[in-house]
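Asker: Got a file for you: final-v5.csv, CSV, C-alpha atoms (C1' of nucleotides).
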```
chain,number,residue,atom,x,y,z
A,1,MET,CA,5.4,-22.9,-0.2
A,2,LYS,CA,3.3,-20.1,1.3
A,3,VAL,CA,3.7,-16.5,0.2
A,4,ALA,CA,1.9,-13.3,1.1
A,5,THR,CA,1.8,-9.6,0.5
A,6,TRP,CA,0.8,-6.8,2.8
A,7,ASN,CA,0.8,-3.0,2.6
A,8,VAL,CA,1.5,-2.2,6.2
A,9,ASN,CA,1.3,1.7,6.0
A,10,SER,CA,4.3,2.2,8.3
A,11,LEU,CA,6.3,-0.8,9.5
A,12,ARG,CA,7.2,1.2,12.6
A,13,VAL,CA,3.6,1.4,13.7
A,14,ARG,CA,2.6,-2.1,12.4
A,15,LEU,CA,5.6,-4.2,13.5
A,16,PRO,CA,3.7,-5.9,16.3
A,17,GLN,CA,0.9,-6.8,13.9
A,18,VAL,CA,3.3,-8.1,11.3
A,19,THR,CA,5.2,-10.3,13.8
A,20,GLU,CA,1.9,-11.6,15.2
A,21,TRP,CA,0.7,-12.4,11.7
A,22,LEU,CA,3.9,-14.2,10.8
A,23,GLY,CA,3.7,-16.3,13.9
A,24,THR,CA,0.1,-17.3,13.2
A,25,HIS,CA,0.3,-17.9,9.5
A,26,GLN,CA,3.9,-19.0,9.1
A,27,PRO,CA,4.4,-17.9,5.4
A,28,ASP,CA,7.7,-18.7,3.8
A,29,VAL,CA,7.8,-15.3,2.1
A,30,LEU,CA,6.1,-12.0,3.1
A,31,ALA,CA,6.3,-9.0,0.8
A,32,LEU,CA,5.8,-5.6,2.5
A,33,GLN,CA,4.9,-2.2,1.1
A,34,GLU,CA,4.9,1.3,2.5
A,35,THR,CA,7.4,0.4,5.2
A,36,LYS,CA,8.2,4.2,5.4
A,37,LEU,CA,11.6,3.4,7.0
A,38,THR,CA,15.1,4.2,6.0
A,39,ASP,CA,17.2,1.1,5.8
A,40,ASP,CA,19.2,1.9,9.0
A,41,LEU,CA,15.9,1.7,10.9
A,42,PHE,CA,14.6,-1.6,9.4
A,43,PRO,CA,13.8,-4.0,12.3
A,44,VAL,CA,16.1,-6.8,11.0
A,45,GLU,CA,16.4,-8.5,14.4
A,46,ALA,CA,12.7,-8.7,15.1
A,47,PHE,CA,12.3,-10.8,12.0
A,48,ALA,CA,15.5,-12.8,12.4
A,49,ALA,CA,14.2,-13.8,15.8
A,50,LEU,CA,11.2,-15.4,14.0
A,51,GLY,CA,13.5,-17.1,11.5
A,52,TYR,CA,13.1,-14.6,8.6
A,53,GLU,CA,15.8,-13.0,6.6
A,54,ALA,CA,14.9,-9.5,5.6
A,55,THR,CA,15.7,-7.7,2.3
A,56,TYR,CA,14.6,-4.1,2.1
A,57,ALA,CA,14.7,-0.9,0.1
A,58,GLY,CA,13.4,2.0,2.1
A,59,GLN,CA,13.3,5.7,2.3
A,60,LYS,CA,12.2,8.4,4.8
A,61,THR,CA,8.5,9.0,5.2
A,62,TYR,CA,7.2,7.5,2.0
A,63,ASN,CA,7.1,4.2,0.0
A,64,GLY,CA,9.6,1.5,1.0
A,65,VAL,CA,9.4,-2.2,0.1
A,66,ALA,CA,10.8,-5.3,1.8
A,67,VAL,CA,10.7,-9.1,1.4
A,68,LEU,CA,11.0,-11.5,4.4
A,69,SER,CA,11.9,-15.1,3.7
A,70,ARG,CA,12.5,-18.2,5.8
A,71,LEU,CA,14.7,-19.5,3.0
A,72,PRO,CA,18.1,-18.4,1.7
A,73,VAL,CA,17.9,-15.3,-0.6
A,74,SER,CA,19.9,-14.5,-3.7
A,75,ASP,CA,20.0,-12.3,-6.8
A,76,VAL,CA,18.5,-9.2,-5.1
A,77,GLN,CA,17.3,-6.4,-7.5
A,78,SER,CA,16.2,-3.1,-6.0
A,79,GLY,CA,14.2,-0.8,-8.2
A,80,VAL,CA,12.7,-1.2,-11.7
A,81,PRO,CA,15.6,-1.6,-14.2
A,82,ASP,CA,16.0,1.2,-16.7
A,83,LEU,CA,13.7,3.5,-14.8
A,84,GLN,CA,15.0,6.7,-13.2
A,85,ASP,CA,13.1,6.7,-9.9
A,86,ASP,CA,14.0,8.0,-6.4
A,87,GLN,CA,11.0,6.3,-4.9
A,88,ARG,CA,11.6,2.9,-3.4
A,89,ARG,CA,8.8,0.8,-4.9
A,90,ALA,CA,10.2,-2.4,-6.3
A,91,LEU,CA,12.3,-5.2,-4.9
A,92,ALA,CA,13.1,-8.6,-6.4
A,93,LEU,CA,14.9,-11.7,-5.2
A,94,THR,CA,15.2,-15.4,-5.6
A,95,THR,CA,14.3,-17.7,-2.6
A,96,GLY,CA,13.1,-21.3,-2.3
A,97,GLY,CA,13.4,-21.8,-6.1
A,98,VAL,CA,11.0,-19.0,-6.8
A,99,ARG,CA,11.6,-15.5,-8.2
A,100,VAL,CA,9.8,-13.0,-6.0
A,101,VAL,CA,9.0,-9.5,-7.1
A,102,CYS,CA,7.5,-7.1,-4.6
A,103,LEU,CA,5.8,-4.0,-6.0
A,104,TYR,CA,4.3,-0.8,-4.6
A,105,VAL,CA,2.7,0.7,-7.6
A,106,PRO,CA,2.2,4.5,-7.5
A,107,ASN,CA,-1.2,5.6,-6.3
A,108,GLY,CA,-1.7,8.1,-9.2
A,109,GLN,CA,-3.6,10.6,-7.0
A,110,ALA,CA,-6.2,11.6,-9.7
A,111,VAL,CA,-6.7,11.0,-13.4
A,112,GLY,CA,-4.8,13.5,-15.5
A,113,THR,CA,-2.3,14.6,-12.9
A,114,ASP,CA,1.5,14.3,-13.1
A,115,LYS,CA,1.3,11.5,-10.5
A,116,TYR,CA,-1.1,9.6,-12.8
A,117,ALA,CA,1.2,9.9,-15.7
A,118,TYR,CA,4.1,8.7,-13.5
A,119,LYS,CA,1.9,5.7,-12.5
A,120,LEU,CA,1.3,4.7,-16.1
A,121,ASP,CA,4.9,5.2,-17.0
A,122,TRP,CA,6.0,3.2,-14.0
A,123,LEU,CA,3.7,0.4,-14.9
A,124,GLU,CA,5.0,0.3,-18.5
A,125,HIS,CA,8.6,0.1,-17.4
A,126,THR,CA,7.6,-2.6,-14.9
A,127,ARG,CA,5.9,-4.5,-17.7
A,128,ARG,CA,9.0,-4.6,-19.8
A,129,TRP,CA,11.1,-5.7,-16.8
A,130,LEU,CA,8.6,-8.5,-15.9
A,131,ALA,CA,8.7,-9.8,-19.5
A,132,ARG,CA,12.4,-10.4,-19.0
A,133,GLU,CA,11.9,-11.9,-15.5
A,134,LEU,CA,9.3,-14.3,-16.9
A,135,ALA,CA,11.6,-15.4,-19.7
A,136,GLU,CA,14.3,-16.1,-17.1
A,137,HIS,CA,12.3,-17.7,-14.3
A,138,GLU,CA,9.9,-20.6,-14.6
A,139,ARG,CA,8.5,-19.9,-11.2
A,140,LEU,CA,7.8,-16.2,-10.8
A,141,VAL,CA,5.5,-14.5,-8.3
A,142,VAL,CA,4.8,-10.7,-8.6
A,143,MET,CA,2.9,-9.5,-5.6
A,144,GLY,CA,2.2,-6.2,-3.9
A,145,ASP,CA,0.0,-3.2,-3.8
A,146,PHE,CA,-0.9,-2.6,-7.5
A,147,ASN,CA,-3.2,0.3,-6.8
A,148,VAL,CA,-5.5,-1.0,-9.5
A,149,ALA,CA,-8.9,-2.7,-9.1
A,150,PRO,CA,-8.8,-4.9,-12.2
A,151,GLU,CA,-12.6,-5.3,-12.7
A,152,ASP,CA,-15.9,-3.9,-11.5
A,153,ARG,CA,-16.4,-6.9,-9.3
A,154,ASP,CA,-13.3,-5.8,-7.4
A,155,VAL,CA,-15.0,-2.5,-6.5
A,156,HIS,CA,-17.7,-2.1,-3.8
A,157,SER,CA,-19.5,0.5,-5.8
A,158,PRO,CA,-18.5,0.6,-9.5
A,159,GLN,CA,-20.9,3.5,-10.2
A,160,ARG,CA,-19.3,5.6,-7.5
A,161,TRP,CA,-15.8,4.8,-8.6
A,162,ALA,CA,-16.3,4.9,-12.4
A,163,GLY,CA,-13.5,6.7,-14.1
A,164,GLN,CA,-11.6,7.5,-10.9
A,165,VAL,CA,-8.0,6.7,-10.1
A,166,LEU,CA,-7.5,3.0,-9.2
A,167,VAL,CA,-10.2,1.9,-11.7
A,168,SER,CA,-9.7,4.1,-14.8
A,169,PRO,CA,-9.5,2.4,-18.2
A,170,ALA,CA,-5.9,3.2,-18.7
A,171,GLU,CA,-4.9,1.8,-15.3
A,172,ARG,CA,-6.9,-1.3,-15.9
A,173,GLN,CA,-5.3,-1.7,-19.4
A,174,ALA,CA,-1.9,-1.4,-17.8
A,175,PHE,CA,-2.8,-4.1,-15.3
A,176,ARG,CA,-4.2,-6.3,-18.1
A,177,ALA,CA,-0.9,-5.8,-20.0
A,178,LEU,CA,0.8,-7.5,-17.0
A,179,LEU,CA,-1.5,-10.5,-17.3
A,180,ASP,CA,-1.0,-10.5,-21.0
A,181,LEU,CA,2.7,-11.3,-20.4
A,182,GLY,CA,1.5,-14.7,-19.2
A,183,LEU,CA,0.9,-13.9,-15.5
A,184,SER,CA,-2.3,-15.0,-13.7
A,185,ASP,CA,-4.1,-13.3,-10.9
A,186,ALA,CA,-3.9,-16.0,-8.3
A,187,PHE,CA,-7.0,-14.9,-6.6
A,188,ARG,CA,-9.1,-15.5,-9.7
A,189,LEU,CA,-7.7,-19.0,-10.2
A,190,PHE,CA,-10.3,-20.1,-7.5
A,191,GLU,CA,-13.9,-19.7,-6.7
A,192,GLN,CA,-14.2,-16.7,-4.5
A,193,PRO,CA,-17.0,-15.1,-2.5
A,194,GLU,CA,-18.6,-11.9,-3.8
A,195,LYS,CA,-17.2,-8.6,-2.7
A,196,VAL,CA,-13.8,-9.6,-1.5
A,197,PHE,CA,-11.6,-6.5,-1.1
A,198,SER,CA,-8.0,-5.8,0.2
A,199,TRP,CA,-8.3,-2.1,1.0
A,200,TRP,CA,-10.8,0.0,2.9
A,201,ASN,CA,-10.6,3.7,3.6
A,202,TYR,CA,-9.8,4.6,7.1
A,203,GLY,CA,-12.8,5.7,9.1
A,204,ALA,CA,-15.3,3.9,11.3
A,205,LEU,CA,-17.7,3.1,8.5
A,206,ALA,CA,-15.8,1.8,5.5
A,207,PHE,CA,-14.5,-1.6,6.8
A,208,PRO,CA,-17.6,-2.7,8.7
A,209,ARG,CA,-19.7,-1.8,5.6
A,210,ASN,CA,-17.2,-3.5,3.3
A,211,TRP,CA,-16.8,-0.4,1.2
A,212,GLY,CA,-13.5,-1.5,-0.3
A,213,LEU,CA,-11.4,-2.3,-3.4
A,214,ARG,CA,-9.3,-5.3,-4.3
A,215,ILE,CA,-6.0,-3.6,-5.3
A,216,ASP,CA,-3.4,-5.9,-3.7
A,217,HIS,CA,-2.6,-8.8,-5.9
A,218,VAL,CA,-0.5,-12.0,-6.3
A,219,LEU,CA,0.4,-12.7,-9.9
A,220,VAL,CA,2.0,-15.9,-10.9
A,221,SER,CA,3.8,-17.4,-13.9
A,222,PRO,CA,2.2,-20.4,-15.7
A,223,THR,CA,4.2,-23.0,-13.8
A,224,LEU,CA,3.3,-21.5,-10.5
A,225,ALA,CA,-0.3,-21.1,-11.5
A,226,GLY,CA,-0.4,-24.8,-12.0
A,227,GLU,CA,1.1,-25.3,-8.5
A,228,CYS,CA,-1.2,-22.8,-6.8
A,229,ARG,CA,-3.5,-24.4,-4.3
A,230,SER,CA,-5.2,-21.4,-2.7
A,231,CYS,CA,-5.3,-17.6,-2.7
A,232,HIS,CA,-7.3,-15.5,-0.2
A,233,VAL,CA,-7.5,-12.1,1.5
A,234,ASP,CA,-7.1,-12.2,5.3
A,235,THR,CA,-9.4,-9.5,6.5
A,236,GLY,CA,-8.5,-10.3,10.1
A,237,PRO,CA,-5.8,-7.6,10.7
A,238,ARG,CA,-8.0,-4.9,9.2
A,239,GLY,CA,-10.3,-5.2,12.2
A,240,HIS,CA,-7.5,-4.8,14.8
A,241,GLU,CA,-6.7,-1.7,16.8
A,242,ARG,CA,-4.7,0.7,14.7
A,243,PRO,CA,-4.9,-1.3,11.5
A,244,SER,CA,-3.2,-0.8,8.2
A,245,ASP,CA,-5.8,0.3,5.6
A,246,HIS,CA,-4.8,-2.8,3.6
A,247,ALA,CA,-5.3,-6.5,4.4
A,248,PRO,CA,-2.7,-9.2,3.6
A,249,VAL,CA,-3.2,-11.4,0.6
A,250,ALA,CA,-1.8,-15.0,0.8
A,251,ALA,CA,-1.2,-17.8,-1.7
A,252,GLU,CA,-0.1,-21.4,-1.3
A,253,PHE,CA,1.8,-23.5,-3.8
A,254,SER,CA,2.4,-27.2,-3.9
A,255,THR,CA,6.0,-26.6,-4.8
A,256,GLY,CA,8.9,-26.4,-2.3
A,257,PRO,CA,8.4,-26.2,1.5
A,258,ALA,CA,5.1,-27.3,2.8
B,1,DA,C1',-18.7,8.2,1.2
B,2,DT,C1',-15.5,13.0,-2.8
B,3,DG,C1',-13.7,11.6,3.0
B,4,DG,C1',-16.0,11.7,8.1
B,5,DC,C1',-8.8,8.7,8.9
B,6,DT,C1',-3.9,7.8,9.3
B,7,DT,C1',1.0,8.5,8.7
B,8,DA,C1',5.4,11.3,9.0
B,9,DC,C1',7.4,15.5,9.8
B,10,DA,C1',9.6,18.5,13.7
B,11,DA,C1',5.2,21.4,11.7
B,12,DC,C1',1.1,22.1,16.4
B,13,DG,C1',-0.5,22.4,10.1
B,14,DT,C1',0.6,20.2,5.6
B,15,DA,C1',1.2,16.5,2.2
B,16,DA,C1',0.0,12.2,0.8
B,17,DG,C1',-2.4,8.1,0.6
B,18,DA,C1',-6.4,5.2,-2.0
```
Would you kindly transcribe this structure into structure tokens?

Answerer:
Amino acid sequence: MKVATWNVNSLRVRLPQVTEWLGTHQPDVLALQETKLTDDLFPVEAFAALGYEATYAGQKTYNGVAVLSRLPVSDVQSGVPDLQDDQRRALALTTGGVRVVCLYVPNGQAVGTDKYAYKLDWLEHTRRWLARELAEHERLVVMGDFNVAPEDRDVHSPQRWAGQVLVSPAERQAFRALLDLGLSDAFRLFEQPEKVFSWWNYGALAFPRNWGLRIDHVLVSPTLAGECRSCHVDTGPRGHERPSDHAPVAAEFSTGPA
DNA sequence: ATGGCTTACAACGTAAGA
């Protein structure tokens, strides 16, 4: 089974790139963030034509998450349980024998702001939810835009970013608390090159100079970690015309469909 | 690099992202 996550920063704009990427890489499951579409505008047919069933939770202008799957889908959960939140940032479902959770973690704007407090609160509620998901599902993958670079090696310039939002100690602690549930960062299960990132600021200079952060992640339960065969960032789409500022992150498991 | 983009909205500038 092959899964991937991609913050597309507007599915309306990026749909041609997403369908092209699906055709090339043929994942079984693709989690999307920042679709920025209300549900009535979700391009269900475009994905059905490629063999994907779409599950989505969107809103106007901001946020919005979706999961595409080539396999039958059940037990859909929209939103973080027990969290009062109008922002569409979480979607869970079961497909191909795997529990899939798609997350778009709040950005946090700046340390000390209301949005930063919301981010930490959101992560804590999500942690409690994922503890239950882990207890119920042997095969669990939690993937999406976490808006946290877990370690300095996930940052192009740790000195420049020190203490800022996306790398602050409290955010890293909240991310670590997710791993402490028993989840593994699939990317770190393997030898990786230096300076691999999943997001680069828009602008002509950032991507060519690889001034990026690794903030998009695939977390896996112990059983899935044992079945994980690869995890990598596909920087290809970031070099296209009108790219998303995020690149897809893909992982492959020996379980289920080839 | 402290944003030099990009997106949506229905506004021709503002908010938000990371």

Asker: Starting from the point (-3.9, -9.6, 2.6), work out which residues of protein, DNA or RNA have an atom no more than 9 Å away when counting only C-alpha atoms (C1' of nucleotides); state them as number ranges by chain.

Answerer: A: 4-7, 198-199, 216-217, 232-237, 246-250

Asker: Output the contact residues of chain B with respect to chain A at a cut-off of 7 Å, based on all atoms listed in the file, as a list in words.

Answerer: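 Only these qualify: DG4, DC5, DA8 and DA18 of chain B.
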
Asker: So which one's closest to DA1 (chain B), A:Trp161, A:Tyr116, A:Phe190, A:Tyr104? Using all atoms listed in the file, please.

Answerer: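 Comparing A:Trp161, A:Tyr116, A:Phe190, A:Tyr104 against DA1 (chain B), the winner is A:Trp161.
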
Asker: Between A:Ala90, A:Phe197, A:Tyr52, A:Cys228, which residue has the minimum interatomic distance to Ser157 (chain A), considering only C-alpha atoms?

Answerer: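 Answer, going by the shortest atom-to-atom distance: A:Phe197.
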
Asker: With distances taken over all atoms listed in the file, which residue among A:Gly58, A:Gly182, A:Pro27, A:Pro16 lies nearest Ala46 (chain A)?

Answerer: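 Among the listed residues, the smallest separation from Ala46 (chain A) belongs to A:Pro16.
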
Asker: So that I can see what lies close to Leu50 (chain A), please list as a PyMOL selection string the residues with an atom at most 9 Å from it, counting only C-alpha atoms (C1' of nucleotides) and leaving out residues fewer than 6 positions away in the same chain.

Answerer: chain A and resi 19+22-23+70

Asker: Quote the spacing between CA of Leu130 (chain A) and CA of Arg99 (chain A) in Å to one decimal place.

Answerer: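 Spanning CA of Leu130 (chain A) to CA of Arg99 (chain A) is a straight-line distance of 10.8 Å.
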
Asker: Please indicate the distance in Å from CA of Ala170 (chain A) to C1' of DG17 (chain B), rounded to one decimal place.

Answerer: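 Distance reported for this atom pair: 20.2 Å.
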
Asker: Tell me which of A:Tyr56, A:Trp129, A:Phe253, A:Phe42 sits closest to Leu83 (chain A), counting only C-alpha atoms.

Answerer: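 Between A:Tyr56, A:Trp129, A:Phe253, A:Phe42, the residue approaching Leu83 (chain A) most closely is A:Trp129.
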
Asker: So the first atom is CA of Glu171 (chain A) and the second is CA of Leu183 (chain A); what is the distance between them in Å, to one decimal place?

Answerer: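 Interatomic distance here is 16.7 Å.
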